[in-house]
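Shown here: work.cif, mmCIF, C-alpha atoms and all ligand atoms.
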data_work
loop_
_atom_site.label_atom_id
_atom_site.label_comp_id
_atom_site.auth_asym_id
_atom_site.auth_seq_id
_atom_site.Cartn_x
_atom_site.Cartn_y
_atom_site.Cartn_z
CA MET A 722 -48.73 43.89 14.95
CA LEU A 723 -46.20 41.09 15.17
CA LEU A 724 -48.95 38.47 15.22
CA GLU A 725 -52.41 39.11 13.86
CA ALA A 726 -55.40 36.77 13.66
CA SER A 727 -58.78 37.35 12.08
CA GLY A 728 -61.79 35.10 11.89
CA LEU A 729 -59.89 32.10 13.27
CA THR A 730 -62.12 29.07 13.68
CA LYS A 731 -61.28 25.48 14.63
CA SER A 732 -63.69 22.67 15.45
CA PHE A 733 -63.13 19.11 16.64
CA GLY A 734 -66.15 17.10 15.61
CA GLY A 735 -69.04 18.94 17.21
CA VAL A 736 -66.88 21.07 19.52
CA THR A 737 -65.90 24.54 18.33
CA ALA A 738 -62.65 25.15 20.20
CA ILE A 739 -61.88 28.51 18.53
CA ALA A 740 -64.78 30.55 17.14
CA ASP A 741 -64.29 33.48 14.75
CA LEU A 742 -61.48 34.93 16.85
CA ASP A 743 -59.72 38.25 16.11
CA PHE A 744 -56.73 39.64 18.00
CA GLY A 745 -53.38 41.32 17.46
CA VAL A 746 -50.15 41.06 19.43
CA PRO A 747 -47.96 44.19 19.29
CA GLU A 748 -44.21 43.57 19.16
CA GLY A 749 -42.28 43.75 22.44
CA LEU A 750 -45.19 43.11 24.80
CA VAL A 751 -46.26 40.32 27.10
CA TYR A 752 -49.69 39.36 25.75
CA ALA A 753 -51.66 36.94 27.90
CA VAL A 754 -54.52 34.66 26.88
CA ILE A 755 -56.76 33.61 29.76
CA GLY A 756 -60.02 31.75 30.10
CA PRO A 757 -61.49 28.76 31.92
CA ASN A 758 -60.47 25.18 31.12
CA GLY A 759 -61.67 24.23 27.68
CA ALA A 760 -61.80 27.87 26.50
CA GLY A 761 -59.47 27.04 23.60
CA LYS A 762 -56.12 28.39 24.80
CA THR A 763 -54.00 25.37 23.95
CA THR A 764 -55.83 24.93 20.65
CA LEU A 765 -54.98 28.54 19.81
CA PHE A 766 -51.29 27.85 20.51
CA ASN A 767 -51.45 24.73 18.38
CA ILE A 768 -52.91 26.73 15.50
CA ILE A 769 -50.31 29.49 15.82
CA SER A 770 -47.39 27.07 15.95
CA GLY A 771 -48.74 25.11 12.97
CA ILE A 772 -49.75 21.87 14.72
CA TYR A 773 -53.40 22.44 13.77
CA ARG A 774 -54.69 24.06 10.62
CA PRO A 775 -57.69 26.30 11.34
CA ASP A 776 -60.93 25.59 9.50
CA GLU A 777 -61.22 29.27 8.68
CA GLY A 778 -59.49 32.56 9.25
CA ARG A 779 -56.22 34.35 8.66
CA LEU A 780 -53.05 34.39 10.68
CA ASN A 781 -50.10 36.62 10.02
CA PHE A 782 -46.71 36.64 11.76
CA ALA A 783 -44.09 39.29 10.96
CA GLY A 784 -45.74 39.93 7.62
CA GLN A 785 -45.94 36.25 6.65
CA ASP A 786 -49.11 34.23 6.21
CA LEU A 787 -48.91 31.25 8.58
CA ILE A 788 -51.87 29.18 7.40
CA GLY A 789 -50.76 25.88 5.92
CA ARG A 790 -47.11 26.29 6.90
CA ALA A 791 -45.39 23.35 8.58
CA THR A 792 -44.31 23.72 12.22
CA HIS A 793 -40.57 23.77 11.44
CA ARG A 794 -41.07 26.50 8.84
CA ILE A 795 -43.02 28.59 11.34
CA ALA A 796 -40.24 28.03 13.88
CA ARG A 797 -37.71 29.29 11.35
CA LEU A 798 -39.67 32.51 10.97
CA GLY A 799 -38.76 33.23 14.60
CA MET A 800 -41.36 31.59 16.80
CA SER A 801 -40.70 29.13 19.64
CA ARG A 802 -42.93 27.64 22.27
CA THR A 803 -43.04 25.75 25.52
CA PHE A 804 -45.63 23.07 26.22
CA GLN A 805 -48.27 22.70 28.92
CA ASN A 806 -47.08 19.10 29.28
CA LEU A 807 -43.29 19.28 29.36
CA GLN A 808 -41.51 17.92 26.31
CA ILE A 809 -38.14 17.06 27.76
CA PHE A 810 -35.73 14.34 26.65
CA PHE A 811 -35.11 12.86 30.08
CA ASN A 812 -32.28 10.58 28.98
CA MET A 813 -30.29 13.51 27.57
CA SER A 814 -28.22 16.13 29.37
CA VAL A 815 -29.61 19.55 30.18
CA LEU A 816 -27.29 21.11 27.58
CA GLU A 817 -28.30 18.60 24.90
CA ASN A 818 -31.97 19.32 25.55
CA VAL A 819 -31.33 22.97 24.78
CA MET A 820 -29.13 22.23 21.75
CA VAL A 821 -32.10 20.42 20.20
CA GLY A 822 -33.91 23.78 20.30
CA CYS A 823 -31.12 25.52 18.39
CA HIS A 824 -31.22 22.95 15.61
CA ALA A 825 -34.77 24.06 14.86
CA ARG A 826 -33.27 27.33 13.68
CA ALA A 827 -29.85 26.28 12.35
CA ARG A 828 -29.16 25.89 8.64
CA THR A 829 -27.77 22.36 8.51
CA GLY A 830 -30.15 20.77 10.98
CA LEU A 831 -29.59 17.86 13.26
CA ALA A 832 -28.77 15.30 10.57
CA GLY A 833 -26.04 17.52 9.13
CA ALA A 834 -24.59 18.19 12.54
CA LEU A 835 -24.34 14.48 13.22
CA LEU A 836 -22.24 14.03 10.06
CA ARG A 837 -19.77 16.55 11.51
CA LEU A 838 -18.65 18.23 8.31
CA PRO A 839 -16.38 21.27 8.91
CA ARG A 840 -19.01 23.95 8.37
CA MET A 841 -21.35 21.95 10.51
CA ARG A 842 -18.77 21.56 13.21
CA ARG A 843 -18.47 25.35 13.36
CA GLU A 844 -22.23 25.58 13.52
CA GLU A 845 -22.26 22.95 16.25
CA GLU A 846 -19.88 25.11 18.29
CA GLU A 847 -22.12 28.13 17.76
CA ILE A 848 -25.11 26.11 18.87
CA ARG A 849 -23.29 24.90 21.97
CA GLN A 850 -22.56 28.51 22.80
CA TRP A 851 -26.14 29.75 22.28
CA ALA A 852 -27.41 26.84 24.34
CA GLY A 853 -25.02 27.71 27.16
CA GLU A 854 -26.11 31.34 27.05
CA ALA A 855 -29.79 30.38 27.15
CA LEU A 856 -29.12 28.13 30.16
CA ASP A 857 -27.27 30.90 31.99
CA PHE A 858 -30.15 33.27 31.23
CA CYS A 859 -32.59 30.80 32.83
CA ASP A 860 -30.33 30.24 35.86
CA LEU A 861 -29.51 26.70 34.78
CA GLY A 862 -25.86 27.17 33.78
CA GLY A 863 -24.62 25.18 36.76
CA LEU A 864 -26.76 22.18 35.83
CA LYS A 865 -25.88 21.90 32.12
CA ASP A 866 -24.07 18.56 32.35
CA ARG A 867 -26.69 16.86 34.50
CA GLN A 868 -29.13 14.40 33.02
CA ALA A 869 -32.52 16.06 32.59
CA SER A 870 -34.20 13.34 34.68
CA GLU A 871 -32.26 14.58 37.74
CA LEU A 872 -33.82 18.05 37.66
CA PRO A 873 -36.68 19.10 39.94
CA TYR A 874 -39.92 20.19 38.28
CA GLY A 875 -39.31 23.93 38.59
CA ALA A 876 -35.96 23.60 36.82
CA LEU A 877 -37.53 21.49 34.06
CA LYS A 878 -40.00 24.29 33.35
CA ARG A 879 -37.07 26.68 32.97
CA LEU A 880 -35.24 24.13 30.82
CA GLU A 881 -38.11 24.19 28.33
CA ILE A 882 -37.89 27.96 28.25
CA ALA A 883 -34.10 27.82 27.74
CA ARG A 884 -34.60 25.48 24.79
CA ALA A 885 -37.20 27.79 23.26
CA LEU A 886 -34.92 30.82 23.76
CA ALA A 887 -31.90 29.08 22.24
CA ALA A 888 -33.73 29.16 18.91
CA ARG A 889 -33.56 32.98 19.21
CA PRO A 890 -37.27 33.63 18.73
CA ARG A 891 -38.93 36.93 18.02
CA LEU A 892 -42.13 35.52 19.54
CA LEU A 893 -42.18 33.07 22.44
CA LEU A 894 -45.37 31.11 23.18
CA MET A 895 -45.55 29.95 26.80
CA ASP A 896 -48.31 27.49 27.78
CA GLU A 897 -48.84 27.63 31.56
CA PRO A 898 -45.25 28.29 32.67
CA ALA A 899 -46.28 28.56 36.33
CA ALA A 900 -48.44 25.42 36.46
CA GLY A 901 -47.23 23.16 39.27
CA LEU A 902 -44.79 25.71 40.65
CA ASN A 903 -44.70 26.78 44.30
CA ASP A 904 -44.87 30.46 45.32
CA THR A 905 -41.11 30.99 45.26
CA GLU A 906 -40.74 29.33 41.86
CA THR A 907 -43.69 31.35 40.54
CA LEU A 908 -41.99 34.55 41.61
CA GLU A 909 -38.81 33.41 39.83
CA MET A 910 -40.85 32.63 36.74
CA ARG A 911 -42.33 36.11 36.81
CA GLY A 912 -38.80 37.53 36.95
CA LEU A 913 -37.71 35.34 34.05
CA ILE A 914 -40.69 36.38 31.90
CA GLY A 915 -39.84 40.02 32.59
CA ARG A 916 -36.19 39.47 31.63
CA ILE A 917 -37.18 37.76 28.38
CA ARG A 918 -39.41 40.70 27.51
CA ASP A 919 -36.56 43.07 28.34
CA GLN A 920 -34.55 41.32 25.61
CA GLY A 921 -37.15 42.57 23.14
CA ILE A 922 -38.79 39.17 22.71
CA THR A 923 -42.57 39.29 22.40
CA ILE A 924 -44.35 36.80 24.67
CA LEU A 925 -47.71 35.16 24.15
CA LEU A 926 -48.61 33.71 27.54
CA VAL A 927 -51.27 31.24 28.57
CA GLU A 928 -51.46 31.04 32.34
CA HIS A 929 -53.99 30.22 35.06
CA ASN A 930 -52.23 32.00 37.90
CA MET A 931 -54.08 35.33 37.81
CA GLY A 932 -51.68 37.04 40.21
CA LEU A 933 -48.86 36.31 37.77
CA VAL A 934 -50.90 37.23 34.69
CA MET A 935 -52.06 40.56 36.10
CA ARG A 936 -48.53 41.58 37.08
CA VAL A 937 -46.51 40.41 34.11
CA SER A 938 -48.84 41.15 31.17
CA ASP A 939 -49.12 44.30 29.11
CA ARG A 940 -52.37 43.18 27.50
CA ILE A 941 -54.80 40.33 28.13
CA LEU A 942 -57.18 38.50 25.80
CA VAL A 943 -60.02 36.73 27.65
CA LEU A 944 -61.40 33.67 25.86
CA ASP A 945 -64.75 32.10 26.55
CA TYR A 946 -65.80 29.10 24.46
CA GLY A 947 -63.18 30.03 21.89
CA SER A 948 -64.44 33.59 21.43
CA ARG A 949 -63.14 36.91 22.61
CA LEU A 950 -64.91 37.96 25.80
CA ALA A 951 -62.66 40.96 26.44
CA GLU A 952 -59.27 42.40 25.53
CA GLY A 953 -57.22 45.17 27.09
CA THR A 954 -54.75 46.12 29.79
CA PRO A 955 -54.86 44.15 33.07
CA ALA A 956 -56.74 47.04 34.71
CA GLU A 957 -59.30 47.17 31.90
CA VAL A 958 -59.85 43.42 31.94
CA ARG A 959 -60.24 43.28 35.72
CA ALA A 960 -62.82 46.04 35.61
CA ASN A 961 -64.80 44.49 32.74
CA PRO A 962 -68.18 43.34 34.10
CA ARG A 963 -68.42 40.53 31.51
CA VAL A 964 -65.08 39.14 32.64
CA VAL A 965 -65.98 39.40 36.30
CA ALA A 966 -69.30 37.65 35.70
CA ALA A 967 -68.07 34.92 33.40
CA TYR A 968 -64.65 34.13 34.70
CA LEU A 969 -62.97 36.00 37.48
CA GLY A 970 -66.06 35.88 39.70
CA GLY A 971 -65.93 37.26 43.18
CA GLU A 972 -63.41 34.73 44.46
CA VAL A 973 -60.29 35.90 42.73
CA HIS A 974 -58.23 38.33 44.70
CA TYR A 975 -54.85 39.78 43.98
CA ALA A 976 -52.45 39.67 46.88
CA VAL A 977 -50.37 42.80 47.26
CA GLU A 978 -46.73 42.04 47.95
N1 LIG A 1001 -57.39 17.23 19.69
C1 LIG A 1001 -58.64 17.45 20.12
N2 LIG A 1001 -59.66 16.63 19.80
C2 LIG A 1001 -60.91 16.86 20.20
N3 LIG A 1001 -61.27 17.91 20.98
C3 LIG A 1001 -60.30 18.76 21.35
C4 LIG A 1001 -58.94 18.57 20.95
N4 LIG A 1001 -58.20 19.60 21.47
C5 LIG A 1001 -59.06 20.36 22.16
N5 LIG A 1001 -60.32 19.87 22.10
C6 LIG A 1001 -61.51 20.48 22.69
O1 LIG A 1001 -61.50 21.85 22.38
C7 LIG A 1001 -61.87 22.64 23.49
C8 LIG A 1001 -60.74 23.58 23.86
O2 LIG A 1001 -59.67 22.82 24.44
P1 LIG A 1001 -58.27 23.46 24.81
O3 LIG A 1001 -57.77 24.26 23.67
O4 LIG A 1001 -57.39 22.37 25.30
O5 LIG A 1001 -58.68 24.44 26.00
P2 LIG A 1001 -57.78 25.13 27.14
O6 LIG A 1001 -56.34 24.99 26.76
O7 LIG A 1001 -58.26 26.54 27.17
O8 LIG A 1001 -58.11 24.42 28.42
C9 LIG A 1001 -62.24 21.66 24.59
O9 LIG A 1001 -63.63 21.45 24.54
C10 LIG A 1001 -61.48 20.41 24.21
O10 LIG A 1001 -62.14 19.26 24.71
MG MG A 1002 -54.66 24.18 27.82
#
Can you present the structure in this file as structure tokens?
Amino acid sequence: MLLEASGLTKSFGGVTAIADLDFGVPEGLVYAVIGPNGAGKTTLFNIISGIYRPDEGRLNFAGQDLIGRATHRIARLGMSRTFQNLQIFFNMSVLENVMVGCHARARTGLAGALLRLPRMRREEEEIRQWAGEALDFCDLGGLKDRQASELPYGALKRLEIARALAARPRLLLMDEPAAGLNDTETLEMRGLIGRIRDQGITILLVEHNMGLVMRVSDRILVLDYGSRLAEGTPAEVRANPRVVAAYLGGEVHYAVE
């Protein structure tokens, strides 16, 4: 398992957001986490990326214990993420927004790069190149010199992904990449997720659009009040009576294209 959790628990005051949760993400797969609002999905991402420390439990990534590690150290182990609420620097160019992502991984860091010492200048060039490649990969190459504030919403979602990819992650955490997208953009997002996976990058995906989740995921973890309601392939999860009763209900249907 690339990422493995056992007994994870996190409470906020009286609310238990994550409750004694176990799961494992095999390398190279798209692994989705679904569940109704408030099920604990974002909290789980915040624990994995080091923003929150769990009250209890173990968390292992690529053989390293993650508990108590700072976010930038976790990032350096090869994990990047995108946010449910976009975290874009609107006054910076598209390219600069992505270069910020590379600095999370680079040796000298942003401060060093600003001093422009020779080794750092070389690194800066490397970073510019990775950033350009990540933008091309996300179909944003033509917009790299535009100010981020000029981009439509769908492009901003891809910009966040480009920034996360520029750090060359082994695991990419995506929090609701299709939220707010129209049908065409959602289809593009599905294609992009598939292409990222084809690069060998493991994806942990939180997403409400069930059509997208069912088609793009290899395995799905269903959360209910922070606990594991079900886990398995999309077919297994869809057929699970507990999932149908608690979450999918009778209303969800999967359009065939
Ligand atoms: N920082 C926080 N402070 C207090 N309560 C929180 C905080 N973050 C999440 N919660 C609570 O934890 C539960 C899970 O929230 P969240 O992880 O955001 O769910 P989801 O992303 O699945 O919608 C909710 O009841 C939410 O109100
Ligand atoms: Mg959330």
Subject >> One-decimal distance in Å that lies between atom CA of Ile788 of chain A and atom CA of Pro775 of chain A >> reply: 7.6 Å
Original post:
Looking at all atoms listed in the file, which of A:Ala760, A:Ala753, A:Leu886, A:Val937 is the one that sits closest to Val736 of chain A?
Top reply: A:Ala760
Would you pick out the contacts of segment 730-732 of chain A at 7 Å or less, using all atoms listed in the file, so that residues sharing its chain but fewer than 6 positions from it are not included, and give the list as an mmCIF file with C-alpha atoms, in the frame of the given file?
data_model
loop_
_atom_site.group_PDB
_atom_site.id
_atom_site.type_symbol
_atom_site.label_atom_id
_atom_site.label_comp_id
_atom_site.auth_asym_id
_atom_site.auth_seq_id
_atom_site.Cartn_x
_atom_site.Cartn_y
_atom_site.Cartn_z
ATOM 1 C CA ALA A 738 -62.650 25.150 20.200
ATOM 2 C CA ILE A 739 -61.880 28.510 18.530
ATOM 3 C CA ALA A 740 -64.780 30.550 17.140
ATOM 4 C CA ASP A 741 -64.290 33.480 14.750
ATOM 5 C CA LEU A 742 -61.480 34.930 16.850
ATOM 6 C CA PRO A 775 -57.690 26.300 11.340
ATOM 7 C CA ASP A 776 -60.930 25.590 9.500
ATOM 8 C CA GLU A 777 -61.220 29.270 8.680
ATOM 9 C CA GLY A 778 -59.490 32.560 9.250
#
Can I get the residues of chain A within 12 Å of ligand LIG 1001 (chain A), each with the closest pair of atoms and their distance in Å to one decimal, using all atoms listed in the file, sorted chain first then ascending number, as a tab-separated table?
residue	atom	partner	partner_atom	distance
A:Thr730	CA	A:LIG1001	O1	11.3
A:Lys731	CA	A:LIG1001	O1	8.6
A:Ser732	CA	A:LIG1001	O1	7.3
A:Phe733	CA	A:LIG1001	C2	4.8
A:Gly734	CA	A:LIG1001	C2	7.0
A:Gly735	CA	A:LIG1001	N3	8.7
A:Val736	CA	A:LIG1001	O9	6.0
A:Thr737	CA	A:LIG1001	O1	6.6
A:Ala738	CA	A:LIG1001	O1	4.1
A:Ile739	CA	A:LIG1001	C8	7.3
A:Ala740	CA	A:LIG1001	C8	10.5
A:Val754	CA	A:LIG1001	O7	8.9
A:Ile755	CA	A:LIG1001	O7	7.7
A:Gly756	CA	A:LIG1001	O7	6.2
A:Pro757	CA	A:LIG1001	O7	6.2
A:Asn758	CA	A:LIG1001	O8	3.7
A:Gly759	CA	A:LIG1001	O5	3.4
A:Ala760	CA	A:LIG1001	O7	3.8
A:Gly761	CA	A:LIG1001	O3	3.3
A:Lys762	CA	A:LIG1001	O7	3.7
A:Thr763	CA	A:LIG1001	O6	3.7
A:Thr764	CA	A:LIG1001	O3	3.7
A:Leu765	CA	A:LIG1001	O3	6.4
A:Phe766	CA	A:LIG1001	O3	8.1
A:Asn767	CA	A:LIG1001	O3	8.3
A:Ile768	CA	A:LIG1001	O3	9.8
A:Ile772	CA	A:LIG1001	N1	10.2
A:Tyr773	CA	A:LIG1001	N1	8.8
A:Arg774	CA	A:LIG1001	N1	11.7
A:Phe804	CA	A:LIG1001	O6	10.9
A:Gln805	CA	A:LIG1001	O6	8.7
A:Asn806	CA	A:LIG1001	O6	11.3
A:Met895	CA	A:LIG1001	O6	11.9
A:Asp896	CA	A:LIG1001	O6	8.5
A:Glu897	CA	A:LIG1001	O6	9.3
A:Leu926	CA	A:LIG1001	O6	11.7
A:Val927	CA	A:LIG1001	O6	8.2
A:Glu928	CA	A:LIG1001	O6	9.6
A:His929	CA	A:LIG1001	O7	9.7
A:Val943	CA	A:LIG1001	O7	10.4
A:Leu944	CA	A:LIG1001	O7	7.9
A:Asp945	CA	A:LIG1001	O7	8.6
A:Tyr946	CA	A:LIG1001	C8	7.5
A:Gly947	CA	A:LIG1001	C8	7.2
A:Ser948	CA	A:LIG1001	C8	10.9
Would you export the selected residues with C-alpha atoms as a compact mmCIF listing (two decimals), in the frame of the given file, please?
# COMPACT_ATOMS: atom_id res chain seq x y z
CA THR A 730 -62.12 29.07 13.68
CA LYS A 731 -61.28 25.48 14.63
CA SER A 732 -63.69 22.67 15.45
CA PHE A 733 -63.13 19.11 16.64
CA GLY A 734 -66.15 17.10 15.61
CA GLY A 735 -69.04 18.94 17.21
CA VAL A 736 -66.88 21.07 19.52
CA THR A 737 -65.90 24.54 18.33
CA ALA A 738 -62.65 25.15 20.20
CA ILE A 739 -61.88 28.51 18.53
CA ALA A 740 -64.78 30.55 17.14
CA VAL A 754 -54.52 34.66 26.88
CA ILE A 755 -56.76 33.61 29.76
CA GLY A 756 -60.02 31.75 30.10
CA PRO A 757 -61.49 28.76 31.92
CA ASN A 758 -60.47 25.18 31.12
CA GLY A 759 -61.67 24.23 27.68
CA ALA A 760 -61.80 27.87 26.50
CA GLY A 761 -59.47 27.04 23.60
CA LYS A 762 -56.12 28.39 24.80
CA THR A 763 -54.00 25.37 23.95
CA THR A 764 -55.83 24.93 20.65
CA LEU A 765 -54.98 28.54 19.81
CA PHE A 766 -51.29 27.85 20.51
CA ASN A 767 -51.45 24.73 18.38
CA ILE A 768 -52.91 26.73 15.50
CA ILE A 772 -49.75 21.87 14.72
CA TYR A 773 -53.40 22.44 13.77
CA ARG A 774 -54.69 24.06 10.62
CA PHE A 804 -45.63 23.07 26.22
CA GLN A 805 -48.27 22.70 28.92
CA ASN A 806 -47.08 19.10 29.28
CA MET A 895 -45.55 29.95 26.80
CA ASP A 896 -48.31 27.49 27.78
CA GLU A 897 -48.84 27.63 31.56
CA LEU A 926 -48.61 33.71 27.54
CA VAL A 927 -51.27 31.24 28.57
CA GLU A 928 -51.46 31.04 32.34
CA HIS A 929 -53.99 30.22 35.06
CA VAL A 943 -60.02 36.73 27.65
CA LEU A 944 -61.40 33.67 25.86
CA ASP A 945 -64.75 32.10 26.55
CA TYR A 946 -65.80 29.10 24.46
CA GLY A 947 -63.18 30.03 21.89
CA SER A 948 -64.44 33.59 21.43
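For the point (-29.2, 14.3, 34.8) in file coordinates, the residues within 8 Å, using all atoms listed in the file, are A:Phe811, A:Asn812, A:Met813, A:Ser814, A:Val815, A:Asp866, A:Arg867, A:Gln868, A:Ala869, A:Ser870, A:Glu871, A:Leu872.
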**OP:** Determine, counting all atoms listed in the file, which protein, DNA and RNA residues have an atom within 6 Å of an atom of segment 844-852 of chain A; residues of the same chain fewer than 6 positions away are not included. Present the result as a ChimeraX atom specification.
**Re:** /A:819-820,887
Write to file, as a compact mmCIF listing (two decimals), in the coordinates of the input, the residues of the selection just made, with C-alpha atoms.
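Result file follows (part_22.txt):
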# COMPACT_ATOMS: atom_id res chain seq x y z
CA VAL A 819 -31.33 22.97 24.78
CA MET A 820 -29.13 22.23 21.75
CA ALA A 887 -31.90 29.08 22.24
Original post:
To one decimal place, how far is atom CA of Leu942 of chain A from atom CA of Gly799 of chain A in Å?
Top reply: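 Result for atom CA of Leu942 of chain A versus atom CA of Gly799 of chain A: 22.2 Å, one decimal.
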Original post:
Interatomic distance between atom CA of Leu902 of chain A and atom CA of Glu854 of chain A?
Top reply: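 Interatomic distance here is 23.8 Å.
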Subject >> Spatial neighbours of Asn903 of chain A, max dist 12 Å, all atoms listed in the file, sep filter under 4 positions, as JSON, numbers by chain >> reply: {"A": [873, 874, 875, 876, 898, 899, 907, 908, 909, 910, 930]}
Original post:
Can you find the residues with an atom no farther than 7 Å from (-47.4, 44.5, 30.3), counting all atoms listed in the file, and report them as a list of chain:residue names?
Top reply: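 Protein, DNA and RNA residues close to (-47.4, 44.5, 30.3): A:Leu750, A:Val751, A:Val937, A:Ser938, A:Asp939, A:Arg940.
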Original post:
Given the choices A:Ile809, A:Gly728, A:Ile769, A:Arg891, which gets closest to Arg790 of chain A if the distance is worked out from all atoms listed in the file?
Top reply: A:Ile769
Subject >> Given all atoms listed in the file as the counted atoms, nearest of A:Val965, A:Leu892, A:Cys859, A:Ile941 to Ser801 of chain A >> reply: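 Of the candidates, the smallest distance to Ser801 of chain A is held by A:Leu892.
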Subject >> Residue nearest Asp743 of chain A - candidates A:Ser770, A:Thr803, A:Thr954, A:Asn781, atoms counted: only C-alpha atoms >> reply: A:Asn781
**OP:** Kindly indicate which residue among A:Ala966, A:Thr905, A:Thr792, A:Ala900 lies nearest to ligand MG 1002 (chain A), using all atoms listed in the file for the distances.
**Re:** A:Ala900
Subject >> Which of A:Arg889, A:Glu881, A:Phe858, A:Gln808 sits closest to Gly915 of chain A [using only C-alpha atoms] >> reply: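 The shortest atom-to-atom distance to Gly915 of chain A comes from A:Phe858.
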**OP:** Considering all atoms listed in the file, return as a list of chain:residue names whatever protein or nucleic-acid residues lie within 9 Å of Gly745 of chain A, sequence-local ones (same chain, fewer than 6 positions apart) excluded.
**Re:** A:Met722, A:Leu723, A:Leu724, A:Glu725, A:Ala726, A:Ser727
